[in-house]
$ cat work_28.cif   # mmCIF, C-alpha atoms
data_model
loop_
_atom_site.label_atom_id
_atom_site.label_comp_id
_atom_site.auth_asym_id
_atom_site.auth_seq_id
_atom_site.Cartn_x
_atom_site.Cartn_y
_atom_site.Cartn_z
CA MET A 172 111.35 113.22 65.73
CA LEU A 173 113.36 110.20 66.74
CA GLY A 174 112.74 108.72 70.18
CA MET A 175 115.21 108.91 73.03
CA ARG A 176 116.97 105.93 74.57
CA VAL A 177 117.06 105.52 78.36
CA HIS A 178 119.28 102.99 80.11
CA ILE A 179 117.52 101.08 82.91
CA LEU A 180 119.52 99.59 85.81
CA TYR A 181 118.26 96.83 88.13
CA PHE A 182 119.63 95.91 91.55
CA ALA A 183 119.16 93.43 94.39
CA ALA A 184 115.74 91.71 94.39
CA VAL A 185 114.68 93.33 91.10
CA LYS A 186 117.85 92.19 89.35
CA GLU A 187 117.48 88.69 90.77
CA ARG A 188 113.86 88.25 89.75
CA LEU A 189 114.33 89.65 86.25
CA ARG A 190 117.62 87.74 85.81
CA ARG A 191 119.43 90.65 84.18
CA ASP A 192 121.26 93.86 85.11
CA GLY A 193 119.16 96.21 83.03
CA ASP A 194 117.48 97.17 79.78
CA VAL A 195 117.47 99.94 77.22
CA ILE A 196 114.08 101.38 76.34
CA GLU A 197 112.98 103.94 73.76
CA LEU A 198 110.62 106.75 74.73
CA PRO A 199 109.16 109.75 72.92
CA PRO A 200 111.04 113.03 73.45
CA GLY A 201 109.98 114.79 76.64
CA ALA A 202 108.70 111.63 78.34
CA ASN A 203 108.93 111.54 82.12
CA VAL A 204 109.83 108.89 84.69
CA ALA A 205 106.20 107.80 85.06
CA ALA A 206 106.05 107.01 81.33
CA ALA A 207 109.24 104.97 81.56
CA LEU A 208 107.91 102.98 84.51
CA ALA A 209 104.61 102.33 82.75
CA GLN A 210 106.45 101.02 79.70
CA LEU A 211 108.63 98.78 81.85
CA ALA A 212 105.64 97.36 83.71
CA ALA A 213 103.79 96.67 80.45
CA ALA A 214 106.79 94.83 79.02
CA GLU A 215 107.72 92.93 82.17
CA PRO A 216 104.76 91.76 84.36
CA LEU A 217 107.13 90.78 87.18
CA LEU A 218 107.80 94.48 87.75
CA THR A 219 104.16 95.39 88.37
CA ALA A 220 104.17 94.31 92.01
CA MET A 221 107.70 95.54 92.65
CA LEU A 222 107.60 99.10 91.31
CA PRO A 223 105.48 100.57 94.16
CA ALA A 224 108.22 99.59 96.63
CA CYS A 225 111.04 101.08 94.55
CA ARG A 226 112.46 104.58 94.43
CA VAL A 227 113.82 105.93 91.17
CA ALA A 228 117.18 107.57 90.55
CA VAL A 229 118.11 109.31 87.32
CA ASN A 230 121.81 109.87 86.75
CA ARG A 231 122.49 108.88 90.39
CA ALA A 232 120.04 111.29 92.02
CA PHE A 233 116.62 110.43 93.43
CA VAL A 234 113.75 111.94 91.44
CA GLU A 235 109.95 112.05 91.40
CA ALA A 236 107.78 110.36 88.78
CA THR A 237 107.16 113.72 87.12
CA ALA A 238 110.85 114.28 86.32
CA THR A 239 111.51 114.68 82.59
CA LEU A 240 113.98 112.31 80.95
CA ALA A 241 116.55 113.04 78.26
CA ASP A 242 118.27 110.90 75.66
CA GLY A 243 121.02 108.80 77.23
CA ASP A 244 119.77 109.13 80.80
CA GLU A 245 120.48 106.34 83.29
CA LEU A 246 117.37 105.37 85.26
CA ALA A 247 117.91 103.07 88.23
CA LEU A 248 115.18 101.21 90.09
CA ILE A 249 116.16 101.38 93.77
CA PRO A 250 114.52 98.70 95.95
CA PRO A 251 114.19 99.41 99.68
CA VAL A 252 117.73 99.58 101.00
CA ALA A 253 119.29 97.53 103.78
CA GLY A 254 119.32 99.19 106.74
CA GLY A 255 136.30 100.90 98.49
CA THR A 256 137.04 104.08 97.24
CA ASP A 257 137.52 107.34 99.07
CA ALA A 258 136.49 110.63 97.57
CA ALA A 259 139.37 113.08 97.44
CA ALA A 260 136.94 115.97 96.98
CA SER A 261 135.03 115.17 100.16
CA PRO A 262 136.15 116.38 103.61
CA HIS A 263 134.77 113.13 105.03
CA HIS A 264 136.13 109.60 104.86
CA VAL A 265 133.60 107.53 102.88
CA ALA A 266 134.24 104.03 101.52
CA LEU A 267 132.61 100.87 100.23
CA CYS A 268 134.88 97.92 100.90
CA HIS A 269 135.08 94.39 99.57
CA VAL A 270 137.52 93.57 102.37
CA PRO A 271 137.19 93.90 106.18
CA LEU A 272 136.51 97.40 107.47
CA SER A 273 138.89 99.36 109.69
CA VAL A 274 137.73 100.99 112.92
CA ASP A 275 141.18 102.55 113.37
CA ARG A 276 141.05 104.10 109.89
CA CYS A 277 137.68 105.72 110.64
CA VAL A 278 138.80 107.00 114.04
CA GLN A 279 141.97 108.48 112.54
CA ALA A 280 139.93 110.15 109.80
CA VAL A 281 137.92 112.17 112.35
CA ALA A 282 140.83 112.99 114.67
CA ALA A 283 141.30 116.71 115.30
CA ALA A 284 142.97 118.87 117.92
CA GLY A 285 139.63 120.46 118.84
CA ALA A 286 137.74 117.16 119.10
CA GLY A 287 136.79 116.57 122.73
CA ALA A 288 134.69 113.51 121.89
CA THR A 289 134.83 110.67 119.38
CA VAL A 290 131.90 108.28 118.99
CA VAL A 291 132.11 105.00 117.06
CA PHE A 292 129.26 102.80 115.85
CA ILE A 293 130.06 99.25 114.69
CA GLY A 294 127.36 97.18 113.02
CA HIS A 295 127.87 93.40 113.12
CA VAL A 296 126.13 90.57 111.26
CA ARG A 297 123.91 88.87 113.84
CA ASP A 298 122.65 85.29 113.82
CA GLN A 299 118.92 86.01 113.99
CA ASN A 300 116.33 88.43 112.62
CA ARG A 301 112.58 88.50 113.29
CA GLY A 302 112.75 85.04 114.80
CA ASN A 303 114.65 83.55 111.87
CA ARG A 304 118.04 81.92 112.33
CA ILE A 305 120.53 83.65 110.00
CA VAL A 306 123.68 81.92 108.71
CA ALA A 307 125.12 84.54 106.34
CA LEU A 308 124.44 87.86 104.59
CA ASP A 309 125.22 89.31 101.21
CA TYR A 310 125.44 93.06 100.63
CA SER A 311 125.25 94.57 97.15
CA ALA A 312 125.29 98.21 96.13
CA TYR A 313 124.84 100.62 93.27
CA GLU A 314 128.37 101.66 94.12
CA PRO A 315 128.83 105.01 92.32
CA MET A 316 125.51 106.33 93.61
CA ALA A 317 126.01 104.82 97.08
CA LEU A 318 129.27 106.72 97.51
CA GLU A 319 127.71 109.98 96.29
CA VAL A 320 124.74 109.63 98.66
CA MET A 321 127.02 108.77 101.58
CA ARG A 322 129.06 111.91 100.94
CA ARG A 323 125.92 114.06 100.75
CA LEU A 324 124.61 112.57 103.99
CA CYS A 325 127.93 113.32 105.69
CA ASP A 326 127.75 116.92 104.42
CA ALA A 327 124.18 117.28 105.71
CA VAL A 328 124.93 115.83 109.14
CA ALA A 329 128.17 117.82 109.46
CA ALA A 330 126.17 121.01 108.92
CA THR A 331 124.08 120.40 112.06
CA ALA A 332 126.83 121.50 114.48
CA PRO A 333 130.20 123.28 114.36
CA ASN A 334 133.40 121.32 113.82
CA LEU A 335 131.81 117.93 113.24
CA ARG A 336 133.95 115.35 111.44
CA LEU A 337 132.53 112.12 110.04
CA ALA A 338 133.74 108.83 108.60
CA VAL A 339 131.78 105.86 107.31
CA GLU A 340 132.78 102.53 105.79
CA HIS A 341 130.33 99.86 104.57
CA ARG A 342 131.05 96.31 103.45
CA VAL A 343 129.78 94.80 100.23
CA GLY A 344 129.89 91.13 99.30
CA SER A 345 129.38 88.01 101.38
CA LEU A 346 129.62 88.28 105.18
CA ALA A 347 129.57 85.66 107.92
CA ILE A 348 127.99 85.90 111.35
CA GLY A 349 130.01 88.29 113.50
CA ASP A 350 131.58 90.15 110.57
CA VAL A 351 131.55 93.95 110.68
CA ALA A 352 129.12 95.38 108.13
CA VAL A 353 129.41 99.10 108.85
CA VAL A 354 131.64 101.45 110.84
CA ILE A 355 130.79 105.08 111.58
CA ALA A 356 133.00 107.48 113.50
CA THR A 357 132.13 111.04 114.46
CA SER A 358 134.06 113.65 116.38
CA ALA A 359 133.05 117.02 117.80
CA PRO A 360 134.18 119.44 120.49
CA HIS A 361 131.48 118.03 122.82
CA ARG A 362 130.01 114.55 123.30
CA ALA A 363 126.36 115.48 122.75
CA GLU A 364 127.01 116.60 119.16
CA ALA A 365 129.22 113.58 118.44
CA PHE A 366 126.58 111.12 119.71
CA ALA A 367 123.76 112.88 117.84
CA ALA A 368 125.71 112.96 114.57
CA CYS A 369 126.60 109.27 114.81
CA ARG A 370 122.99 108.25 115.36
CA GLU A 371 121.67 110.53 112.62
CA LEU A 372 124.19 109.24 110.10
CA ILE A 373 123.45 105.53 110.64
CA GLU A 374 119.69 106.10 110.50
CA ARG A 375 119.90 108.10 107.27
CA LEU A 376 122.41 105.69 105.75
CA LYS A 377 120.01 102.77 106.30
CA GLN A 378 117.17 104.72 104.72
CA ASP A 379 118.73 106.43 101.70
CA VAL A 380 121.92 104.74 100.52
CA PRO A 381 121.41 102.16 97.73
CA ILE A 382 122.96 99.21 99.56
CA TRP A 383 120.90 96.02 99.80
CA LYS A 384 121.05 93.12 102.21
CA LYS A 385 120.15 89.54 101.38
CA GLU A 386 119.72 87.20 104.32
CA PHE A 387 120.49 83.49 104.15
CA GLY A 388 118.75 81.61 106.93
CA GLU A 389 117.45 78.24 107.97
CA ALA A 390 114.04 79.22 106.55
CA GLY A 391 115.48 80.25 103.17
CA GLU A 392 116.84 83.45 101.65
CA GLU A 393 115.29 86.91 101.40
CA TRP A 394 116.09 90.40 100.14
CA LEU A 395 115.07 92.64 103.02
CA GLY A 396 112.34 95.13 102.20
CA MET A 397 110.99 93.27 99.18
CA GLY A 398 109.57 90.14 100.80
CA PRO A 399 110.40 86.56 99.82
#
$ encode --input "work_28.cif" --output "structure tokens"
Amino acid sequence: MLGMRVHILYFAAVKERLRRDGDVIELPPGANVAAALAQLAAAEPLLTAMLPACRVAVNRAFVEATATLADGDELALIPPVAGGTDAAASPHHVALCHVPLSVDRCVQAVAAAGAGATVVFIGHVRDQNRGNRIVALDYSAYEPMALEVMRRLCDAVAATAPNLRLAVEHRVGSLAIGDVAVVIATSAPHRAEAFAACRELIERLKQDVPIWKKEFGEAGEEWLGMGP
């Protein structure tokens, strides 16, 4: 039986070190993610030290190493993430933007007659991190998957309390010190739920959404989460 072809996607530090966006590999029918990773590591020694830090997504959903692959699948190596287009099908406002974000747009998106409280989180680019002087940042994303994960996170957080509304915008591209990198707005009938939802959403966004941050500082440049 002929083998199956799997499309491999690289991002952030992995893409930079391998100097390419991806590969296409051939695997025997019924092979799983672990087999694909083993083949990649054997063919590209640079990946050996990086794979343990990466998560794997197949067709834009996170999977375990035991997941079975099929012909034509898209397997993405997701390095540790940095901690636009709206989706008409989503009840939440979710966007990745190559231009400045809008606090007003996010606040308007969560406005409701029954909302007694609106909470806004604004994340700025700061000029230092872990004792290093930072001069600029660059955000990159696996954009289709990032938007899908952001919508799912909004759905999950919205389910924690009645009548929660959520909005999130994240920048991609090059940012200067002081620029706004992320805006989150939440509204609820009461302030406790609005505050809790805002905090939960930013923490989960930083952990799960495939958006990566590269710092440019006086000591050099670094993809966060992967080391120098």
$ resolve_selection --input "work_28.cif" --expression "the PyMOL selection byres ((chain A and resi 213-223) around 8)" --output "JSON, numbers by chain"
{"A": [185, 188, 189, 208, 209, 210, 211, 212, 224, 225, 226, 248, 397]}
$ closest_residue --input "work_28.cif" --among "A:Arg336, A:His178, A:Arg322, A:Arg304" --to "A:Ala284" --atoms "all atoms listed in the file"
A:Arg336
$ atom_distance --input "work_28.cif" --atom1 "atom CA of A:Val274" --atom2 "atom CA of A:Ser358"
13.6 Å
$ atom_distance --input "work_28.cif" --atom1 "atom CA of A:Glu235" --atom2 "atom CA of A:Val204"
7.4 Å
$ resolve_selection --input "work_28.cif" --expression "the PyMOL selection byres ((chain A and resi 195) around 7)" --output "list of chain:residue names"
A:Arg176, A:Val177, A:His178, A:Ile179, A:Asp194, A:Ile196, A:Glu197
$ closest_residue --input "work_28.cif" --among "A:Ala329, A:Ala338, A:Leu346, A:Ala207" --to "A:Cys277" --atoms "only C-alpha atoms"
A:Ala338
$ residues_around --input "work_28.cif" --residues "stretch 289-301 of chain A" --least-positions-apart "4" --cutoff "8 Å" --atoms "all atoms listed in the file" --output "PDB file with C-alpha atoms, in the coordinates of the input"
ATOM      1  CA  VAL A 278     138.800 107.000 114.040  1.00  0.00           C
ATOM      2  CA  VAL A 281     137.920 112.170 112.350  1.00  0.00           C
ATOM      3  CA  ALA A 282     140.830 112.990 114.670  1.00  0.00           C
ATOM      4  CA  ILE A 305     120.530  83.650 110.000  1.00  0.00           C
ATOM      5  CA  VAL A 306     123.680  81.920 108.710  1.00  0.00           C
ATOM      6  CA  ALA A 307     125.120  84.540 106.340  1.00  0.00           C
ATOM      7  CA  LEU A 308     124.440  87.860 104.590  1.00  0.00           C
ATOM      8  CA  LEU A 346     129.620  88.280 105.180  1.00  0.00           C
ATOM      9  CA  ALA A 347     129.570  85.660 107.920  1.00  0.00           C
ATOM     10  CA  ILE A 348     127.990  85.900 111.350  1.00  0.00           C
ATOM     11  CA  GLY A 349     130.010  88.290 113.500  1.00  0.00           C
ATOM     12  CA  ASP A 350     131.580  90.150 110.570  1.00  0.00           C
ATOM     13  CA  VAL A 351     131.550  93.950 110.680  1.00  0.00           C
ATOM     14  CA  ALA A 352     129.120  95.380 108.130  1.00  0.00           C
ATOM     15  CA  VAL A 353     129.410  99.100 108.850  1.00  0.00           C
ATOM     16  CA  VAL A 354     131.640 101.450 110.840  1.00  0.00           C
ATOM     17  CA  ILE A 355     130.790 105.080 111.580  1.00  0.00           C
ATOM     18  CA  ALA A 356     133.000 107.480 113.500  1.00  0.00           C
ATOM     19  CA  THR A 357     132.130 111.040 114.460  1.00  0.00           C
ATOM     20  CA  SER A 358     134.060 113.650 116.380  1.00  0.00           C
ATOM     21  CA  ALA A 359     133.050 117.020 117.800  1.00  0.00           C
ATOM     22  CA  ARG A 362     130.010 114.550 123.300  1.00  0.00           C
ATOM     23  CA  ALA A 365     129.220 113.580 118.440  1.00  0.00           C
ATOM     24  CA  PHE A 366     126.580 111.120 119.710  1.00  0.00           C
ATOM     25  CA  CYS A 369     126.600 109.270 114.810  1.00  0.00           C
TER      26      CYS A 369
END
$ closest_residue --input "work_28.cif" --among "A:Glu386, A:Val229, A:Ala205, A:Pro250" --to "A:Ser345" --atoms "all atoms listed in the file"
A:Glu386
$ closest_residue --input "work_28.cif" --among "A:Ala228, A:Val234, A:Ile249, A:Ala266" --to "A:Ala280" --atoms "all atoms listed in the file"
A:Ala266
$ closest_residue --input "work_28.cif" --among "A:Leu198, A:Ala238, A:Ala286, A:Met321" --to "A:Lys377" --atoms "only C-alpha atoms"
A:Met321
$ closest_residue --input "work_28.cif" --among "A:Pro381, A:Gly285, A:Pro271, A:Gly302" --to "A:Ala317" --atoms "all atoms listed in the file"
A:Pro381
$ residues_near_point --input "work_28.cif" --point "(113.3, 115.2, 75.6)" --cutoff "7 Å" --atoms "all atoms listed in the file" --output "PyMOL selection string"
chain A and resi 200-202+240-242
$ atom_distance --input "work_28.cif" --atom1 "atom CA of A:Met175" --atom2 "atom CA of A:Pro199"
6.1 Å
$ resolve_selection --input "work_28.cif" --expression "the PyMOL selection byres ((chain A and resi 394) around 6)" --output "PyMOL selection string"
chain A and resi 184+385+393+395+397
$ write_last_selection --input "work_28.cif" --atoms "C-alpha atoms" --output "mmCIF file, keeping the file's coordinate frame"
data_model
loop_
_atom_site.group_PDB
_atom_site.id
_atom_site.type_symbol
_atom_site.label_atom_id
_atom_site.label_comp_id
_atom_site.auth_asym_id
_atom_site.auth_seq_id
_atom_site.Cartn_x
_atom_site.Cartn_y
_atom_site.Cartn_z
ATOM 1 C CA ALA A 184 115.740 91.710 94.390
ATOM 2 C CA LYS A 385 120.150 89.540 101.380
ATOM 3 C CA GLU A 393 115.290 86.910 101.400
ATOM 4 C CA LEU A 395 115.070 92.640 103.020
ATOM 5 C CA MET A 397 110.990 93.270 99.180
#
$ axis_aligned_box --input "work_28.cif" --around "stretch 374-388 of chain A" --padding-each-side "5 Å" --output "JSON"
{"center_x": 120.1, "center_y": 94.9, "center_z": 104.1, "size_x": 15.8, "size_y": 36.5, "size_z": 22.8}
$ build_atoms --input "work_28.cif" --residues "stretch 342-353 of chain A" --atoms "all heavy atoms" --output "mmCIF file, keeping the file's coordinate frame"
data_model
loop_
_atom_site.group_PDB
_atom_site.id
_atom_site.type_symbol
_atom_site.label_atom_id
_atom_site.label_comp_id
_atom_site.auth_asym_id
_atom_site.auth_seq_id
_atom_site.Cartn_x
_atom_site.Cartn_y
_atom_site.Cartn_z
ATOM 1 N N ARG A 342 130.639 97.481 104.189
ATOM 2 C CA ARG A 342 131.050 96.310 103.450
ATOM 3 C C ARG A 342 130.074 96.010 102.320
ATOM 4 O O ARG A 342 128.875 96.256 102.415
ATOM 5 C CB ARG A 342 131.097 95.081 104.365
ATOM 6 C CG ARG A 342 132.367 94.906 105.149
ATOM 7 C CD ARG A 342 133.572 94.556 104.309
ATOM 8 N NE ARG A 342 133.440 93.301 103.576
ATOM 9 C CZ ARG A 342 133.741 92.106 104.059
ATOM 10 N NH1 ARG A 342 134.178 91.974 105.303
ATOM 11 N NH2 ARG A 342 133.632 91.034 103.294
ATOM 12 N N VAL A 343 130.589 95.419 101.269
ATOM 13 C CA VAL A 343 129.780 94.800 100.230
ATOM 14 C C VAL A 343 130.341 93.401 99.996
ATOM 15 O O VAL A 343 131.507 93.129 100.265
ATOM 16 C CB VAL A 343 129.784 95.625 98.915
ATOM 17 C CG1 VAL A 343 128.967 96.880 99.055
ATOM 18 C CG2 VAL A 343 131.205 95.965 98.482
ATOM 19 N N GLY A 344 129.480 92.513 99.506
ATOM 20 C CA GLY A 344 129.890 91.130 99.300
ATOM 21 C C GLY A 344 129.321 90.217 100.361
ATOM 22 O O GLY A 344 128.380 90.574 101.073
ATOM 23 N N SER A 345 129.884 89.033 100.471
ATOM 24 C CA SER A 345 129.380 88.010 101.380
ATOM 25 C C SER A 345 130.013 88.162 102.763
ATOM 26 O O SER A 345 131.230 88.286 102.890
ATOM 27 C CB SER A 345 129.692 86.616 100.831
ATOM 28 O OG SER A 345 129.049 86.417 99.578
ATOM 29 N N LEU A 346 129.166 88.127 103.800
ATOM 30 C CA LEU A 346 129.620 88.280 105.180
ATOM 31 C C LEU A 346 129.119 87.118 106.025
ATOM 32 O O LEU A 346 128.009 86.615 105.816
ATOM 33 C CB LEU A 346 129.119 89.591 105.788
ATOM 34 C CG LEU A 346 129.887 90.873 105.428
ATOM 35 C CD1 LEU A 346 129.614 91.292 104.005
ATOM 36 C CD2 LEU A 346 129.504 91.995 106.387
ATOM 37 N N ALA A 347 129.931 86.719 106.992
ATOM 38 C CA ALA A 347 129.570 85.660 107.920
ATOM 39 C C ALA A 347 129.068 86.268 109.227
ATOM 40 O O ALA A 347 129.219 87.472 109.476
ATOM 41 C CB ALA A 347 130.784 84.766 108.186
ATOM 42 N N ILE A 348 128.458 85.444 110.049
ATOM 43 C CA ILE A 348 127.990 85.900 111.350
ATOM 44 C C ILE A 348 129.174 86.462 112.148
ATOM 45 O O ILE A 348 130.249 85.861 112.220
ATOM 46 C CB ILE A 348 127.336 84.734 112.128
ATOM 47 C CG1 ILE A 348 126.163 84.162 111.333
ATOM 48 C CG2 ILE A 348 126.884 85.204 113.511
ATOM 49 C CD1 ILE A 348 125.097 85.160 110.981
ATOM 50 N N GLY A 349 128.958 87.634 112.716
ATOM 51 C CA GLY A 349 130.010 88.290 113.500
ATOM 52 C C GLY A 349 130.850 89.268 112.707
ATOM 53 O O GLY A 349 131.560 90.088 113.307
ATOM 54 N N ASP A 350 130.807 89.203 111.374
ATOM 55 C CA ASP A 350 131.580 90.150 110.570
ATOM 56 C C ASP A 350 131.055 91.575 110.765
ATOM 57 O O ASP A 350 129.874 91.793 111.057
ATOM 58 C CB ASP A 350 131.484 89.796 109.080
ATOM 59 C CG ASP A 350 132.365 88.615 108.701
ATOM 60 O OD1 ASP A 350 133.187 88.202 109.530
ATOM 61 O OD2 ASP A 350 132.207 88.106 107.563
ATOM 62 N N VAL A 351 131.933 92.543 110.571
ATOM 63 C CA VAL A 351 131.550 93.950 110.680
ATOM 64 C C VAL A 351 131.009 94.428 109.331
ATOM 65 O O VAL A 351 131.689 94.330 108.305
ATOM 66 C CB VAL A 351 132.757 94.814 111.096
ATOM 67 C CG1 VAL A 351 132.371 96.286 111.117
ATOM 68 C CG2 VAL A 351 133.248 94.375 112.469
ATOM 69 N N ALA A 352 129.772 94.933 109.347
ATOM 70 C CA ALA A 352 129.120 95.380 108.130
ATOM 71 C C ALA A 352 129.249 96.876 107.906
ATOM 72 O O ALA A 352 129.271 97.337 106.764
ATOM 73 C CB ALA A 352 127.638 95.001 108.150
ATOM 74 N N VAL A 353 129.312 97.649 108.979
ATOM 75 C CA VAL A 353 129.410 99.100 108.850
ATOM 76 C C VAL A 353 130.148 99.677 110.048
ATOM 77 O O VAL A 353 130.005 99.185 111.171
ATOM 78 C CB VAL A 353 128.005 99.737 108.709
ATOM 79 C CG1 VAL A 353 127.138 99.442 109.921
ATOM 80 C CG2 VAL A 353 128.100 101.250 108.490
#
